[in-house]
$ cat work37.pdb   # PDB, C-alpha atoms and all ligand atoms
ATOM      1  CA  MET A   5     -39.768 -20.127 -21.823
ATOM      2  CA  ASN A   6     -36.907 -22.554 -22.193
ATOM      3  CA  HIS A   7     -35.720 -25.172 -19.724
ATOM      4  CA  GLN A   8     -32.895 -22.974 -18.480
ATOM      5  CA  THR A   9     -35.265 -20.368 -17.048
ATOM      6  CA  TYR A  10     -37.250 -23.002 -15.172
ATOM      7  CA  GLN A  11     -34.098 -24.676 -13.932
ATOM      8  CA  ASP A  12     -32.845 -21.336 -12.622
ATOM      9  CA  TRP A  13     -36.136 -20.930 -10.752
ATOM     10  CA  LEU A  14     -35.851 -24.468  -9.498
ATOM     11  CA  PHE A  15     -32.529 -23.711  -7.823
ATOM     12  CA  ALA A  16     -33.604 -20.306  -6.552
ATOM     13  CA  ASP A  17     -35.069 -19.900  -3.082
ATOM     14  CA  ALA A  18     -38.835 -20.245  -3.020
ATOM     15  CA  GLU A  19     -39.268 -16.792  -1.476
ATOM     16  CA  ASP A  20     -37.279 -15.205  -4.305
ATOM     17  CA  LEU A  21     -39.855 -16.240  -6.911
ATOM     18  CA  SER A  22     -42.977 -14.224  -7.671
ATOM     19  CA  PRO A  23     -46.288 -16.118  -7.371
ATOM     20  CA  ILE A  24     -46.587 -16.053 -11.165
ATOM     21  CA  GLN A  25     -43.100 -17.505 -11.572
ATOM     22  CA  ALA A  26     -43.768 -20.201  -8.975
ATOM     23  CA  HIS A  27     -47.030 -21.089 -10.681
ATOM     24  CA  SER A  28     -45.394 -21.157 -14.098
ATOM     25  CA  LEU A  29     -42.659 -23.423 -12.730
ATOM     26  CA  GLN A  30     -45.191 -25.840 -11.272
ATOM     27  CA  GLU A  31     -47.037 -25.902 -14.605
ATOM     28  CA  HIS A  32     -43.836 -26.608 -16.485
ATOM     29  CA  LEU A  33     -42.885 -29.406 -14.100
ATOM     30  CA  GLN A  34     -46.223 -31.096 -14.859
ATOM     31  CA  VAL A  35     -45.396 -31.374 -18.527
ATOM     32  CA  CYS A  36     -41.596 -31.478 -18.719
ATOM     33  CA  GLU A  37     -39.954 -34.759 -17.796
ATOM     34  CA  GLN A  38     -36.444 -33.379 -17.951
ATOM     35  CA  CYS A  39     -37.092 -30.599 -15.430
ATOM     36  CA  GLN A  40     -39.164 -32.959 -13.311
ATOM     37  CA  SER A  41     -36.299 -35.435 -12.852
ATOM     38  CA  LEU A  42     -33.947 -32.551 -12.129
ATOM     39  CA  SER A  43     -36.403 -31.254  -9.536
ATOM     40  CA  SER A  44     -36.728 -34.591  -7.746
ATOM     41  CA  ALA A  45     -32.928 -35.054  -7.808
ATOM     42  CA  PHE A  46     -32.546 -31.584  -6.321
ATOM     43  CA  TYR A  47     -35.049 -32.228  -3.543
ATOM     44  CA  SER A  48     -33.505 -35.555  -2.584
ATOM     45  CA  LEU A  49     -30.076 -33.888  -2.510
ATOM     46  CA  GLU A  50     -31.468 -31.131  -0.319
ATOM     47  CA  ALA A  51     -33.048 -33.709   1.959
ATOM     48  CA  ALA A  52     -29.670 -35.450   2.262
ATOM     49  CA  LEU A  53     -28.038 -32.121   3.106
ATOM     50  CA  ASN A  54     -30.715 -31.417   5.697
ATOM     51  CA  ALA A  55     -30.017 -34.764   7.320
ATOM     52  CA  ASP A  56     -26.364 -33.771   7.469
ATOM     53  CA  GLU A  57     -25.906 -31.620  10.526
ATOM     54  CA  MET A  58     -25.316 -27.971   9.773
ATOM     55  CA  ALA A  59     -24.644 -25.307  12.395
ATOM     56  CA  ALA A  60     -27.159 -22.857  10.929
ATOM     57  CA  PRO A  61     -29.286 -24.410   8.189
ATOM     58  CA  GLU A  62     -30.309 -21.948   5.514
ATOM     59  CA  PRO A  63     -33.048 -22.415   2.927
ATOM     60  CA  GLY A  64     -31.857 -23.082  -0.598
ATOM     61  CA  PHE A  65     -29.190 -25.322  -1.932
ATOM     62  CA  THR A  66     -26.986 -22.656  -3.536
ATOM     63  CA  ARG A  67     -26.903 -20.531  -0.404
ATOM     64  CA  ARG A  68     -25.939 -23.529   1.694
ATOM     65  CA  TRP A  69     -23.293 -24.515  -0.770
ATOM     66  CA  GLN A  70     -21.874 -20.978  -0.733
ATOM     67  CA  ALA A  71     -21.801 -21.029   3.063
ATOM     68  CA  ARG A  72     -19.808 -24.243   2.977
ATOM     69  CA  LEU A  73     -17.400 -22.825   0.447
ATOM     70  CA  GLU A  74     -16.891 -19.698   2.551
ATOM     71  CA  ALA A  75     -16.338 -21.805   5.651
ATOM     72  CA  SER A  76     -13.678 -23.886   3.943
ATOM     73  CA  GLN A  77     -12.026 -20.753   2.545
ATOM     74  CA  GLN A  78     -11.995 -19.241   6.021
ATOM     75  CA  HIS A  79     -10.542 -22.443   7.401
ATOM     76  CA  ILE A  80      -7.713 -22.351   4.842
ATOM     77  CA  TYR A  81      -7.104 -18.661   5.513
ATOM     78  CA  ARG A  82      -7.072 -19.191   9.283
ATOM     79  CA  ARG A  83      -4.596 -22.027   8.898
ATOM     80  CA  GLN A  84      -2.337 -19.798   6.807
ATOM     81  CA  ILE A  85      -2.480 -17.090   9.463
ATOM     82  CA  VAL A  86      -1.559 -19.624  12.151
ATOM     83  CA  THR A  87       1.305 -20.966  10.037
ATOM     84  CA  THR A  88       2.604 -17.488   9.263
ATOM     85  CA  PHE A  89       2.301 -16.381  12.865
ATOM     86  CA  SER A  90       3.999 -19.456  14.309
ATOM     87  CA  THR A  91       6.842 -19.192  11.793
ATOM     88  CA  ILE A  92       7.338 -15.547  12.738
ATOM     89  CA  VAL A  93       7.276 -16.428  16.438
ATOM     90  CA  PHE A  94       9.737 -19.250  15.852
ATOM     91  CA  GLY A  95      12.042 -16.903  13.953
ATOM     92  CA  LEU A  96      11.825 -14.271  16.670
ATOM     93  CA  VAL A  97      12.601 -16.862  19.345
ATOM     94  CA  ALA A  98      15.567 -18.075  17.300
ATOM     95  CA  LEU A  99      16.789 -14.488  16.881
ATOM     96  CA  ALA A 100      16.293 -13.789  20.582
ATOM     97  CA  GLY A 101      18.228 -16.961  21.397
ATOM     98  CA  LEU A 102      21.041 -15.877  19.102
ATOM     99  CA  MET A 103      21.157 -12.412  20.700
ATOM    100  CA  LEU A 104      21.102 -13.980  24.149
ATOM    101  CA  ALA A 105      24.025 -16.197  23.190
ATOM    102  CA  ILE A 106      25.927 -13.157  21.900
ATOM    103  CA  LEU A 107      25.066 -11.017  24.924
ATOM    104  CA  TRP A 108      25.491 -13.822  27.453
ATOM    105  CA  PRO A 109      28.915 -12.724  28.780
ATOM    106  CA  TRP A 110      27.393  -9.295  29.443
ATOM    107  CA  LEU A 111      24.282 -10.622  31.126
ATOM    108  CA  LYS A 112      26.367 -12.842  33.357
ATOM    109  CA  SER A 113      28.017  -9.763  34.778
ATOM    110  CA  PRO A 114      25.434  -7.089  35.711
ATOM    111  CA  SER A 115      28.007  -4.503  36.719
ATOM    112  CA  LEU A 116      29.746  -4.869  33.377
ATOM    113  CA  LEU A 117      26.384  -4.440  31.638
ATOM    114  CA  PHE A 118      25.708  -1.329  33.675
ATOM    115  CA  TYR A 119      29.055   0.230  32.826
ATOM    116  CA  THR A 120      28.601  -0.556  29.159
ATOM    117  CA  TRP A 121      25.143   1.048  29.203
ATOM    118  CA  VAL A 122      26.523   4.153  30.895
ATOM    119  CA  TYR A 123      29.390   4.132  28.436
ATOM    120  CA  GLN A 124      26.991   4.202  25.488
ATOM    121  CA  VAL A 125      24.414   6.659  26.839
ATOM    122  CA  PHE A 126      26.742   9.409  28.005
ATOM    123  CA  SER A 127      29.339  11.266  26.098
ATOM    124  CA  PHE A 128      32.409   9.403  24.953
ATOM    125  CA  TYR A 129      34.869  12.052  26.016
ATOM    126  CA  THR A 130      33.578  13.256  29.366
ATOM    127  CA  PHE A 131      31.977  10.408  31.194
ATOM    128  CA  ALA A 132      34.014   7.613  29.658
ATOM    129  CA  ASP A 133      37.207   9.403  30.635
ATOM    130  CA  ALA A 134      36.039   9.816  34.193
ATOM    131  CA  LEU A 135      34.932   6.204  34.378
ATOM    132  CA  ARG A 136      38.178   5.013  32.878
ATOM    133  CA  ASN A 137      40.028   6.747  35.649
ATOM    134  CA  LEU A 138      37.721   5.398  38.317
ATOM    135  CA  ALA A 139      37.443   1.850  37.093
ATOM    136  CA  SER A 140      40.104   1.411  34.496
ATOM    137  CA  PRO A 141      40.700  -2.315  34.979
ATOM    138  CA  LEU A 142      37.031  -3.109  34.500
ATOM    139  CA  LEU A 143      36.601  -0.807  31.515
ATOM    140  CA  ASN A 144      39.757  -2.028  29.864
ATOM    141  CA  PHE A 145      38.427  -5.543  30.104
ATOM    142  CA  SER A 146      35.065  -4.459  28.707
ATOM    143  CA  LYS A 147      36.669  -2.649  25.789
ATOM    144  CA  SER A 148      38.888  -5.543  24.840
ATOM    145  CA  ALA A 149      36.128  -8.117  25.202
ATOM    146  CA  PHE A 150      33.433  -6.148  23.343
ATOM    147  CA  PRO A 151      34.745  -3.595  20.890
ATOM    148  CA  LEU A 152      31.981  -1.059  20.265
ATOM    149  CA  MET A 153      32.266  -1.279  16.493
ATOM    150  CA  GLY A 154      31.902  -5.018  16.661
ATOM    151  CA  ILE A 155      28.729  -4.722  18.730
ATOM    152  CA  ILE A 156      27.215  -2.151  16.363
ATOM    153  CA  PHE A 157      28.121  -4.258  13.355
ATOM    154  CA  GLY A 158      26.667  -7.366  14.976
ATOM    155  CA  PHE A 159      23.326  -5.717  15.737
ATOM    156  CA  GLY A 160      23.113  -4.251  12.247
ATOM    157  CA  LEU A 161      23.785  -7.657  10.719
ATOM    158  CA  LEU A 162      21.155  -9.283  12.940
ATOM    159  CA  SER A 163      18.446  -6.785  12.034
ATOM    160  CA  GLU A 164      19.281  -7.140   8.335
ATOM    161  CA  LEU A 165      18.996 -10.908   8.655
ATOM    162  CA  ALA A 166      15.638 -10.533  10.374
ATOM    163  CA  VAL A 167      14.280  -8.312   7.601
ATOM    164  CA  LEU A 168      15.654 -10.634   4.930
ATOM    165  CA  TRP A 169      14.062 -13.596   6.631
ATOM    166  CA  VAL A 170      10.626 -11.948   6.932
ATOM    167  CA  VAL A 171      10.683 -10.735   3.311
ATOM    168  CA  SER A 172      11.714 -14.101   1.882
ATOM    169  CA  TYR A 173       9.142 -15.913   3.982
ATOM    170  CA  ARG A 174       6.378 -13.641   2.718
ATOM    171  CA  LEU A 175       7.551 -14.075  -0.875
ATOM    172  CA  LEU A 176       7.596 -17.850  -0.504
ATOM    173  CA  THR A 177       4.176 -18.234   1.070
ATOM    174  CA  SER A 178       2.044 -15.269  -0.169
ATOM    175  CA  PRO A 179      -0.795 -16.115   2.236
ATOM    176  CA  ARG A 180      -3.272 -13.846   0.459
ATOM    177  CA  ARG A 181      -3.164 -15.861  -2.767
ATOM    178  CA  VAL A 182      -6.356 -17.829  -2.124
ATOM    179  CA  THR A 183      -8.933 -17.513  -4.873
ATOM    180  CA  LEU A 184     -11.593 -20.199  -5.030
TER
HETATM  181 ZN    ZN B 201     -38.179 -28.279 -18.846
END
$ encode --input "work37.pdb" --output "structure tokens"
Amino acid sequence: MNHQTYQDWLFADAEDLSPIQAHSLQEHLQVCEQCQSLSSAFYSLEAALNADEMAAPEPGFTRRWQARLEASQQHIYRRQIVTTFSTIVFGLVALAGLMLAILWPWLKSPSLLFYTWVYQVFSFYTFADALRNLASPLLNFSKSAFPLMGIIFGFGLLSELAVLWVVSYRLLTSPRRVTL
């Protein structure tokens, strides 16, 4: 047996070794100075780690070290999720603010909003004609202030901007690219 085998056993959990392996390791440590100093360094390191408060202490140095690594990876990943989410929320709020600013004249006048809604939902030629006759001053104002094509174009542009923004943000950050 070479040193490497014994050193592997040294860093393995005690319960993972067979009695023969454990015995062989102890025998080797009696005679090998190199493995002996490694062993004492390992146990003092483990003692120092035990003194350090851990939420759920696990036996074995490697397992503990892996747990720490996973925790820090999870921390990084969680932070990326929070960053991504808050940026998306910020963007949505900005978009909503922009839409509100655009739609503000409508929202200020509920009756105008209602007539515009009716105007869009029902047929152009039947209902709009009837409404135009009934409330032509109001509708004429609505048509001149908010041409339908302009509204459609504006909403299309806004949704394209939103998609563009989300895609470029994802390309810039790539939150999944964490490999430790
Ligand atoms: Zn040795």
$ residues_near_ligand --input "work37.pdb" --ligand "ligand ZN 201 (chain B)" --cutoff "10 Å" --atoms "only C-alpha atoms and all ligand atoms" --output "ChimeraX atom specification"
/A:5-11,29,32-43
$ atom_distance --input "work37.pdb" --atom1 "CA of Phe46 in chain A" --atom2 "CA of Gln78 in chain A"
27.0 Å
$ resolve_selection --input "work37.pdb" --expression "the PyMOL selection byres (((chain A and resi 166-177) around 12) and not hetatm)" --output "ChimeraX atom specification"
/A:84-85,87-89,91-100,102-103,159-165,178-182
$ atom_distance --input "work37.pdb" --atom1 "CA of Arg67 in chain A" --atom2 "CA of Gln25 in chain A"
19.9 Å
$ atom_distance --input "work37.pdb" --atom1 "CA of Gln30 in chain A" --atom2 "CA of Phe15 in chain A"
13.3 Å
$ closest_residue --input "work37.pdb" --among "A:Gly64, A:Gly101, A:Leu53, A:Ser44" --to "Asp20 in chain A" --atoms "only C-alpha atoms"
A:Gly64
